[in-house]
Amino acid sequence: MSNGWVLPDEVLRDAPAYTPRPGELADLELLLTGAYAPLAGFMTRADLVSVSRRGQLADGTSWPVAVTLQVPAALAQGLDPRDPARRTLVLADAEGAPVAALEVTDAWPVRDGVAGVGGPVRRLGDGGHGPFQRLRRTPEEVRGLLPPGRVLGVIADRPLHRPQLAQIAHAARTLGAHLLVLIPVGEDVGGGLPPEALVRSVFAARDRMPPATLVGVPLSRRREEISDALLRARVAAAYGVTHLLSTGDTLSGAGLRVLVPRELAYDNRDGQWRWREDIPPRNRRLALTQGEIDDLLDRGFPLPEWHTPPAVAKELVRARPPRRYRGLVIFLTGLSGSGKSTVARGLADVLREQGERTVTLLDGDVVRRELSAGLSFSKADRDLNVRRIGWVAAEIARHRGVGICCPIAPYAQARATAREMALNAGAGFVLVHVATPLEVCEQRDRKGLYARARAGLLTGMTGIDDPYEEPTDADLVLDTTDMPIDEAVQAVVRQLTETGWVEPRLPAV
């Protein structure tokens, strides 16, 4: 049964469609469910100016943060806010399924090739799909489930270990409040866990919480922490929260009272968590940092039971197995002729011989022929080629395989996107810069590309008339000028072994 708005066939047929970025899709869902009330759509220019200057929408309603939608300028040019037949934009999810219709009331240039569009949104169809849809209740539904009185809100954007659970229990008991746990289920929830793993880990701690209502909310992190915190407080208030327990970066807002808990420590005299200053130093154990937790998981060591409930630890190990069992993207970048493809092939052979994981080699030339045929060597097409390689490698790594990539990848932003894709898939990413100098690469010139570029017969040649942005974040730098390929391959294997991505091997006899 549909609970959405059905557009007239002729409008739906003729309206252009666009898939927003993940953060914009999260904002769209919050708009559609009423979590951003009284905001009913993406902001117009007048709203943006007013929010930036006065913290209010153009109509005077208090609102803390910009909620915007950006589209390609060419798409915006085909929309006319004054024409009812040409002002509808269908917004689709990542798979292209229509989610909502935006009635564009304003459009404006943002930067070269990008425009902003604003106006009210209305749902199309019967809602979304994906894991844990049953938890994605609207604010109205959740408010109807809550008992009268105070409601303590917790935004569980990280797994809940014993110190956090102790803080929650103390706050709920002190306030006499019902507990409402809001679990971010947007694509980028932070903390290095996919949203479904975060949900499972929070549910694993449920038996250690006071009586609680758990809700999935499509929150994704904004780049600016203050804006992110203000908006999260606003969303929490929409779900019925009266008091919000700070997680370290949540500020007051939306009329909420924000509780900032005191630091707890583990008391080894009786195994309880108490205020840190109430425990003698010799009996005090501080909570593990996120870095310490990640390090234990990466190395395959158990999380200590004094710090993490066993059920939570089990979910974290499932989601973040030791590095030697986790998927991995190895990304070799360098000039044409630097030796990166040869090193990549040798590395693939070594890892296949070890047999610990499936290994897929995504060679630049092969990918150009099989995956990116038709793309030119313009900057936009080069970025698209690297993005495709990064996406395929991330999917390989998502399923615990190893993807070895060796494109030139001359631009830093494209390499950063490939890294982000791998990390979002729960995999590792190792960047190897094969930094063989240009003059050596030109001397090798096995394909004759440099000679053609010097003769003016080839344009856009990296290192000649197109820049190569040298990585500043490489995990390993190789120069194959005087380094045998076997030695270069072993250098990569050593790096992988030392950082825990492959098992140490005894030398062959």
# chains A, B, ... in the order shown; residues from 1 in each chain; ligands from 1
call {"tool": "residues_around", "arguments": {"residues": "Thr417 of chain A", "least_positions_apart": "4", "cutoff": "10 Å", "atoms": "only C-alpha atoms", "output": "ChimeraX atom specification"}}
result
/A:383,386-387,390-391,412-413,421-423
call {"tool": "residues_around", "arguments": {"residues": "Lys314 of chain A", "least_positions_apart": "4", "cutoff": "9 Å", "atoms": "only C-alpha atoms", "output": "compact mmCIF listing (two decimals) with all heavy atoms, in the first residue's frame"}}
result
# COMPACT_ATOMS: atom_id res chain seq x y z
N SER A 201 25.62 -3.97 16.96
CA SER A 201 26.42 -3.81 18.17
C SER A 201 25.65 -3.09 19.26
O SER A 201 25.80 -3.40 20.46
CB SER A 201 27.72 -3.06 17.85
OG SER A 201 27.48 -1.69 17.59
N ALA A 204 23.24 -5.49 20.76
CA ALA A 204 23.94 -6.46 21.61
C ALA A 204 24.09 -5.96 23.04
O ALA A 204 24.29 -6.76 23.96
CB ALA A 204 25.30 -6.78 21.01
N PRO A 309 31.15 -5.55 26.92
CA PRO A 309 30.34 -6.76 27.10
C PRO A 309 30.64 -7.78 26.01
O PRO A 309 30.85 -7.42 24.84
CB PRO A 309 28.90 -6.23 26.98
CG PRO A 309 28.99 -4.78 27.33
CD PRO A 309 30.33 -4.33 26.84
N PRO A 310 30.69 -9.06 26.35
CA PRO A 310 31.05 -10.08 25.35
C PRO A 310 30.17 -10.06 24.10
O PRO A 310 30.67 -10.26 22.99
CB PRO A 310 30.87 -11.39 26.13
CG PRO A 310 31.09 -11.01 27.56
CD PRO A 310 30.54 -9.64 27.70
N ARG A 318 33.01 -9.54 14.35
CA ARG A 318 32.37 -9.90 13.08
C ARG A 318 32.50 -8.78 12.06
O ARG A 318 32.76 -9.02 10.88
CB ARG A 318 30.88 -10.19 13.30
CG ARG A 318 30.58 -11.50 13.99
CD ARG A 318 29.08 -11.63 14.24
NE ARG A 318 28.31 -11.59 12.99
CZ ARG A 318 26.99 -11.44 12.94
NH1 ARG A 318 26.30 -11.32 14.07
NH2 ARG A 318 26.37 -11.44 11.78
N ALA A 319 32.32 -7.55 12.52
CA ALA A 319 32.35 -6.41 11.60
C ALA A 319 33.76 -5.97 11.26
O ALA A 319 33.99 -5.43 10.17
CB ALA A 319 31.58 -5.24 12.22
call {"tool": "select_by_dssp", "arguments": {"residues": "segment 146-251 of chain A", "states": "alpha helix (DSSP H)", "output": "count of residues only"}}
result
38
call {"tool": "residues_around", "arguments": {"residues": "segment 77-81 of chain A", "least_positions_apart": "4", "cutoff": "6 Å", "atoms": "only C-alpha atoms", "output": "PyMOL selection string"}}
result
chain A and resi 86-87+104-105
call {"tool": "atom_distance", "arguments": {"atom1": "atom CA of Tyr450 of chain A", "atom2": "atom CA of Pro471 of chain A"}}
result
22.0 Å
call {"tool": "closest_residue", "arguments": {"among": "A:Ile279, A:Val329, A:Leu91, A:Met43", "to": "Asp106 of chain A", "atoms": "only C-alpha atoms"}}
result
A:Met43
call {"tool": "residues_around", "arguments": {"residues": "Arg158 of chain A", "least_positions_apart": "3", "cutoff": "12 Å", "atoms": "only C-alpha atoms", "output": "ChimeraX atom specification"}}
result
/A:154-155,161,164-165,181-185,189-195,197-202,205,247-248,290,293,312,316
call {"tool": "write_last_selection", "arguments": {"atoms": "N, CA and C atoms", "output": "mmCIF file, in the first residue's frame"}}
result
data_model
loop_
_atom_site.group_PDB
_atom_site.id
_atom_site.type_symbol
_atom_site.label_atom_id
_atom_site.label_comp_id
_atom_site.auth_asym_id
_atom_site.auth_seq_id
_atom_site.Cartn_x
_atom_site.Cartn_y
_atom_site.Cartn_z
ATOM 1 N N VAL A 154 20.031 9.433 23.509
ATOM 2 C CA VAL A 154 21.431 9.088 23.275
ATOM 3 C C VAL A 154 21.590 8.839 21.780
ATOM 4 N N ILE A 155 22.501 9.556 21.152
ATOM 5 C CA ILE A 155 22.811 9.304 19.746
ATOM 6 C C ILE A 155 23.972 8.327 19.714
ATOM 7 N N HIS A 161 30.209 0.619 24.938
ATOM 8 C CA HIS A 161 31.016 -0.203 25.828
ATOM 9 C C HIS A 161 30.566 0.052 27.270
ATOM 10 N N GLN A 164 30.236 3.785 28.620
ATOM 11 C CA GLN A 164 29.091 4.518 28.081
ATOM 12 C C GLN A 164 27.780 3.980 28.659
ATOM 13 N N LEU A 165 27.690 2.663 28.807
ATOM 14 C CA LEU A 165 26.479 2.074 29.367
ATOM 15 C C LEU A 165 26.276 2.505 30.818
ATOM 16 N N VAL A 181 17.225 5.636 22.265
ATOM 17 C CA VAL A 181 18.525 5.497 21.607
ATOM 18 C C VAL A 181 18.329 5.710 20.109
ATOM 19 N N LEU A 182 18.957 6.747 19.580
ATOM 20 C CA LEU A 182 18.901 7.057 18.153
ATOM 21 C C LEU A 182 20.180 6.530 17.503
ATOM 22 N N ILE A 183 20.027 5.582 16.586
ATOM 23 C CA ILE A 183 21.184 4.955 15.946
ATOM 24 C C ILE A 183 21.322 5.494 14.531
ATOM 25 N N PRO A 184 22.398 6.214 14.225
ATOM 26 C CA PRO A 184 22.572 6.717 12.853
ATOM 27 C C PRO A 184 22.707 5.560 11.862
ATOM 28 N N VAL A 185 21.904 5.592 10.821
ATOM 29 C CA VAL A 185 21.957 4.530 9.818
ATOM 30 C C VAL A 185 22.193 5.106 8.427
ATOM 31 N N VAL A 189 28.253 6.812 8.805
ATOM 32 C CA VAL A 189 27.924 6.974 10.214
ATOM 33 C C VAL A 189 29.156 7.252 11.057
ATOM 34 N N GLY A 190 30.351 7.102 10.491
ATOM 35 C CA GLY A 190 31.575 7.313 11.250
ATOM 36 C C GLY A 190 31.945 6.090 12.065
ATOM 37 N N GLY A 191 33.142 6.102 12.636
ATOM 38 C CA GLY A 191 33.573 5.012 13.499
ATOM 39 C C GLY A 191 34.087 3.786 12.771
ATOM 40 N N GLY A 192 34.115 3.815 11.444
ATOM 41 C CA GLY A 192 34.674 2.701 10.694
ATOM 42 C C GLY A 192 33.793 1.477 10.598
ATOM 43 N N LEU A 193 32.505 1.589 10.970
ATOM 44 C CA LEU A 193 31.584 0.456 10.903
ATOM 45 C C LEU A 193 30.494 0.751 9.889
ATOM 46 N N PRO A 194 30.071 -0.248 9.107
ATOM 47 C CA PRO A 194 28.877 -0.054 8.285
ATOM 48 C C PRO A 194 27.666 0.093 9.191
ATOM 49 N N PRO A 195 26.615 0.797 8.739
ATOM 50 C CA PRO A 195 25.480 1.074 9.628
ATOM 51 C C PRO A 195 24.819 -0.175 10.189
ATOM 52 N N ALA A 197 26.213 -2.968 10.971
ATOM 53 C CA ALA A 197 27.049 -3.496 12.055
ATOM 54 C C ALA A 197 26.902 -2.647 13.316
ATOM 55 N N LEU A 198 26.777 -1.329 13.133
ATOM 56 C CA LEU A 198 26.552 -0.455 14.284
ATOM 57 C C LEU A 198 25.236 -0.806 14.968
ATOM 58 N N VAL A 199 24.187 -1.022 14.181
ATOM 59 C CA VAL A 199 22.888 -1.384 14.760
ATOM 60 C C VAL A 199 23.012 -2.681 15.561
ATOM 61 N N ARG A 200 23.662 -3.691 14.978
ATOM 62 C CA ARG A 200 23.799 -4.963 15.687
ATOM 63 C C ARG A 200 24.575 -4.804 16.988
ATOM 64 N N SER A 201 25.619 -3.973 16.957
ATOM 65 C CA SER A 201 26.424 -3.814 18.170
ATOM 66 C C SER A 201 25.648 -3.089 19.263
ATOM 67 N N VAL A 202 24.801 -2.129 18.884
ATOM 68 C CA VAL A 202 23.984 -1.426 19.890
ATOM 69 C C VAL A 202 22.930 -2.372 20.463
ATOM 70 N N ALA A 205 24.024 -4.639 23.227
ATOM 71 C CA ALA A 205 24.163 -4.059 24.566
ATOM 72 C C ALA A 205 22.816 -3.763 25.203
ATOM 73 N N THR A 247 27.746 13.096 23.754
ATOM 74 C CA THR A 247 28.719 12.069 23.384
ATOM 75 C C THR A 247 30.080 12.674 23.131
ATOM 76 N N GLY A 248 30.261 13.926 23.540
ATOM 77 C CA GLY A 248 31.556 14.572 23.375
ATOM 78 C C GLY A 248 31.536 15.675 22.353
ATOM 79 N N GLN A 290 39.402 4.910 21.405
ATOM 80 C CA GLN A 290 38.980 4.266 20.166
ATOM 81 C C GLN A 290 40.176 3.690 19.424
ATOM 82 N N ILE A 293 41.039 0.356 20.986
ATOM 83 C CA ILE A 293 40.057 -0.662 20.606
ATOM 84 C C ILE A 293 40.329 -1.141 19.186
ATOM 85 N N VAL A 312 28.748 -7.485 22.683
ATOM 86 C CA VAL A 312 29.187 -6.349 21.856
ATOM 87 C C VAL A 312 30.513 -6.677 21.189
ATOM 88 N N LEU A 316 31.584 -6.705 17.150
ATOM 89 C CA LEU A 316 32.692 -5.898 16.626
ATOM 90 C C LEU A 316 33.709 -6.774 15.904
#
call {"tool": "select_by_dssp", "arguments": {"residues": "segment 345-379 of chain A", "states": "strand (DSSP E or B)", "output": "mmCIF file with N, CA and C atoms, in the first residue's frame"}}
result
data_model
loop_
_atom_site.group_PDB
_atom_site.id
_atom_site.type_symbol
_atom_site.label_atom_id
_atom_site.label_comp_id
_atom_site.auth_asym_id
_atom_site.auth_seq_id
_atom_site.Cartn_x
_atom_site.Cartn_y
_atom_site.Cartn_z
ATOM 1 N N VAL A 359 42.576 -13.013 -4.907
ATOM 2 C CA VAL A 359 43.339 -11.850 -5.348
ATOM 3 C C VAL A 359 42.887 -11.476 -6.757
ATOM 4 N N THR A 360 42.543 -10.204 -6.945
ATOM 5 C CA THR A 360 42.133 -9.700 -8.257
ATOM 6 C C THR A 360 43.048 -8.550 -8.648
ATOM 7 N N LEU A 361 43.643 -8.641 -9.835
ATOM 8 C CA LEU A 361 44.532 -7.602 -10.344
ATOM 9 C C LEU A 361 43.754 -6.730 -11.320
ATOM 10 N N LEU A 362 43.647 -5.444 -11.008
ATOM 11 C CA LEU A 362 42.975 -4.476 -11.876
ATOM 12 C C LEU A 362 44.050 -3.616 -12.537
ATOM 13 N N ASP A 363 44.610 -4.140 -13.622
ATOM 14 C CA ASP A 363 45.667 -3.422 -14.345
ATOM 15 C C ASP A 363 45.052 -2.262 -15.120
#
call {"tool": "closest_residue", "arguments": {"among": "A:Glu395, A:Glu353, A:Glu95, A:Asp59", "to": "Gly426 of chain A", "atoms": "only C-alpha atoms"}}
result
A:Glu395
call {"tool": "closest_residue", "arguments": {"among": "A:Leu449, A:Leu438, A:Val492, A:Ala107", "to": "Leu335 of chain A", "atoms": "only C-alpha atoms"}}
result
A:Leu438
call {"tool": "closest_residue", "arguments": {"among": "A:Arg269, A:Arg505, A:Arg234, A:Arg13", "to": "Ala37 of chain A", "atoms": "only C-alpha atoms"}}
result
A:Arg234
call {"tool": "atom_distance", "arguments": {"atom1": "atom CA of Gly500 of chain A", "atom2": "atom CA of Cys406 of chain A"}}
result
21.8 Å
call {"tool": "closest_residue", "arguments": {"among": "A:Leu135, A:Trp273, A:Thr68, A:Pro218", "to": "His170 of chain A", "atoms": "only C-alpha atoms"}}
result
A:Trp273
call {"tool": "closest_residue", "arguments": {"among": "A:Pro131, A:Pro211, A:Pro22, A:Gly113", "to": "Gly186 of chain A", "atoms": "only C-alpha atoms"}}
result
A:Pro22
call {"tool": "residues_around", "arguments": {"residues": "Arg262 of chain A", "least_positions_apart": "3", "cutoff": "10 Å", "atoms": "only C-alpha atoms", "output": "list in words"}}
result
Gln167, Leu259, Ala265, Arg274, Trp275, Arg276 and Glu277 of chain A
call {"tool": "write_last_selection", "arguments": {"atoms": "N, CA, C and O atoms", "output": "compact mmCIF listing (two decimals), in the first residue's frame"}}
result
# COMPACT_ATOMS: atom_id res chain seq x y z
N GLN A 167 27.31 5.39 32.10
CA GLN A 167 26.89 6.79 32.06
C GLN A 167 25.40 6.90 31.71
O GLN A 167 24.67 7.70 32.30
N LEU A 259 23.15 16.99 28.83
CA LEU A 259 23.88 16.49 29.99
C LEU A 259 25.29 16.12 29.56
O LEU A 259 25.48 15.34 28.63
N ALA A 265 35.81 5.67 35.34
CA ALA A 265 36.95 4.76 35.30
C ALA A 265 36.53 3.45 35.96
O ALA A 265 35.56 3.39 36.72
N ARG A 274 32.99 3.92 38.16
CA ARG A 274 32.66 5.06 39.02
C ARG A 274 33.32 6.32 38.45
O ARG A 274 34.14 6.26 37.56
N TRP A 275 32.91 7.47 39.05
CA TRP A 275 33.58 8.70 38.67
C TRP A 275 35.08 8.55 38.92
O TRP A 275 35.51 8.04 39.95
N ARG A 276 35.83 9.00 37.96
CA ARG A 276 37.28 8.77 37.99
C ARG A 276 37.92 9.26 39.29
O ARG A 276 38.74 8.56 39.89
N GLU A 277 37.52 10.46 39.74
CA GLU A 277 38.17 11.03 40.92
C GLU A 277 37.78 10.33 42.21
O GLU A 277 38.41 10.56 43.26
call {"tool": "residues_around", "arguments": {"residues": "Gly149 of chain A", "least_positions_apart": "6", "cutoff": "9 Å", "atoms": "only C-alpha atoms", "output": "PDB file with C-alpha atoms, in the first residue's frame"}}
result
ATOM      1  CA  GLY A 176      13.777   9.229  36.105  1.00  0.00           C
ATOM      2  CA  ALA A 177      13.609   9.282  32.308  1.00  0.00           C
ATOM      3  CA  HIS A 178      12.745   6.813  29.579  1.00  0.00           C
ATOM      4  CA  THR A 242      13.794  16.274  26.386  1.00  0.00           C
TER       5      THR A 242
END
call {"tool": "atom_distance", "arguments": {"atom1": "atom CA of Asp475 of chain A", "atom2": "atom CA of Val493 of chain A"}}
result
12.3 Å
call {"tool": "residues_around", "arguments": {"residues": "Tyr18 of chain A", "least_positions_apart": "3", "cutoff": "8 Å", "atoms": "only C-alpha atoms", "output": "ChimeraX atom specification"}}
result
/A:71,89-92
call {"tool": "decode", "arguments": {"residues": "segment 20-49 of chain A", "atoms": "N, CA, C and O atoms", "output": "compact mmCIF listing (two decimals), in the first residue's frame"}}
result
# COMPACT_ATOMS: atom_id res chain seq x y z
N PRO A 20 20.85 12.31 -5.63
CA PRO A 20 21.69 13.14 -4.77
C PRO A 20 22.84 12.35 -4.16
O PRO A 20 22.86 11.11 -4.17
N ARG A 21 23.79 13.07 -3.61
CA ARG A 21 24.89 12.44 -2.89
C ARG A 21 24.39 11.83 -1.58
O ARG A 21 23.29 12.16 -1.12
N PRO A 22 25.16 10.91 -0.99
CA PRO A 22 24.66 10.21 0.20
C PRO A 22 24.17 11.13 1.32
O PRO A 22 23.12 10.89 1.91
N GLY A 23 24.93 12.18 1.62
CA GLY A 23 24.50 13.10 2.68
C GLY A 23 23.21 13.81 2.33
O GLY A 23 22.36 14.05 3.21
N GLU A 24 23.04 14.14 1.07
CA GLU A 24 21.80 14.80 0.63
C GLU A 24 20.62 13.83 0.68
O GLU A 24 19.50 14.22 1.01
N LEU A 25 20.87 12.55 0.35
CA LEU A 25 19.81 11.55 0.47
C LEU A 25 19.38 11.38 1.93
O LEU A 25 18.19 11.18 2.21
N ALA A 26 20.34 11.43 2.85
CA ALA A 26 20.00 11.35 4.27
C ALA A 26 19.15 12.54 4.68
O ALA A 26 18.14 12.41 5.38
N ASP A 27 19.53 13.75 4.23
CA ASP A 27 18.72 14.94 4.51
C ASP A 27 17.33 14.80 3.92
O ASP A 27 16.33 15.18 4.54
N LEU A 28 17.24 14.25 2.71
CA LEU A 28 15.95 14.07 2.07
C LEU A 28 15.04 13.18 2.91
O LEU A 28 13.85 13.49 3.10
N GLU A 29 15.57 12.07 3.42
CA GLU A 29 14.75 11.17 4.23
C GLU A 29 14.28 11.86 5.51
O GLU A 29 13.13 11.69 5.94
N LEU A 30 15.14 12.67 6.12
CA LEU A 30 14.75 13.38 7.33
C LEU A 30 13.70 14.45 7.04
O LEU A 30 12.82 14.70 7.86
N LEU A 31 13.78 15.05 5.86
CA LEU A 31 12.74 16.00 5.45
C LEU A 31 11.41 15.28 5.26
O LEU A 31 10.35 15.75 5.70
N LEU A 32 11.45 14.12 4.60
CA LEU A 32 10.22 13.40 4.28
C LEU A 32 9.54 12.84 5.53
O LEU A 32 8.31 12.73 5.57
N THR A 33 10.32 12.48 6.54
CA THR A 33 9.72 11.90 7.75
C THR A 33 9.28 12.96 8.75
O THR A 33 8.63 12.62 9.74
N GLY A 34 9.64 14.23 8.52
CA GLY A 34 9.28 15.27 9.45
C GLY A 34 10.31 15.51 10.54
O GLY A 34 10.07 16.31 11.45
N ALA A 35 11.47 14.84 10.46
CA ALA A 35 12.50 15.04 11.48
C ALA A 35 13.13 16.42 11.41
O ALA A 35 13.72 16.88 12.38
N TYR A 36 13.01 17.07 10.26
CA TYR A 36 13.53 18.43 10.09
C TYR A 36 12.43 19.48 10.22
O TYR A 36 12.65 20.64 9.86
N ALA A 37 11.24 19.10 10.68
CA ALA A 37 10.15 20.07 10.80
C ALA A 37 10.60 21.26 11.65
O ALA A 37 11.33 21.09 12.63
N PRO A 38 10.22 22.47 11.26
CA PRO A 38 9.24 22.83 10.24
C PRO A 38 9.79 22.91 8.81
O PRO A 38 9.05 23.30 7.91
N LEU A 39 11.04 22.54 8.61
CA LEU A 39 11.60 22.56 7.26
C LEU A 39 10.92 21.47 6.43
O LEU A 39 10.91 20.31 6.83
N ALA A 40 10.37 21.86 5.27
CA ALA A 40 9.62 20.91 4.45
C ALA A 40 10.30 20.62 3.12
O ALA A 40 9.75 19.90 2.30
N GLY A 41 11.49 21.17 2.92
CA GLY A 41 12.19 20.95 1.67
C GLY A 41 13.59 21.51 1.73
O GLY A 41 14.03 22.04 2.77
N PHE A 42 14.30 21.39 0.63
CA PHE A 42 15.66 21.95 0.57
C PHE A 42 15.58 23.47 0.51
O PHE A 42 14.68 24.04 -0.10
N MET A 43 16.53 24.12 1.15
CA MET A 43 16.47 25.57 1.33
C MET A 43 16.66 26.32 0.02
O MET A 43 17.37 25.87 -0.89
N THR A 44 16.03 27.48 -0.04
CA THR A 44 16.24 28.41 -1.14
C THR A 44 17.39 29.35 -0.80
O THR A 44 17.92 29.33 0.31
N ARG A 45 17.75 30.20 -1.76
CA ARG A 45 18.82 31.18 -1.49
C ARG A 45 18.46 32.08 -0.32
O ARG A 45 19.32 32.40 0.52
N ALA A 46 17.20 32.53 -0.26
CA ALA A 46 16.79 33.42 0.82
C ALA A 46 16.95 32.74 2.18
O ALA A 46 17.41 33.36 3.15
N ASP A 47 16.59 31.46 2.25
CA ASP A 47 16.77 30.71 3.50
C ASP A 47 18.25 30.61 3.87
O ASP A 47 18.63 30.80 5.04
N LEU A 48 19.10 30.30 2.88
CA LEU A 48 20.53 30.13 3.15
C LEU A 48 21.14 31.41 3.69
O LEU A 48 21.91 31.40 4.66
N VAL A 49 20.82 32.53 3.07
CA VAL A 49 21.36 33.82 3.52
C VAL A 49 20.89 34.12 4.93
O VAL A 49 21.66 34.54 5.81
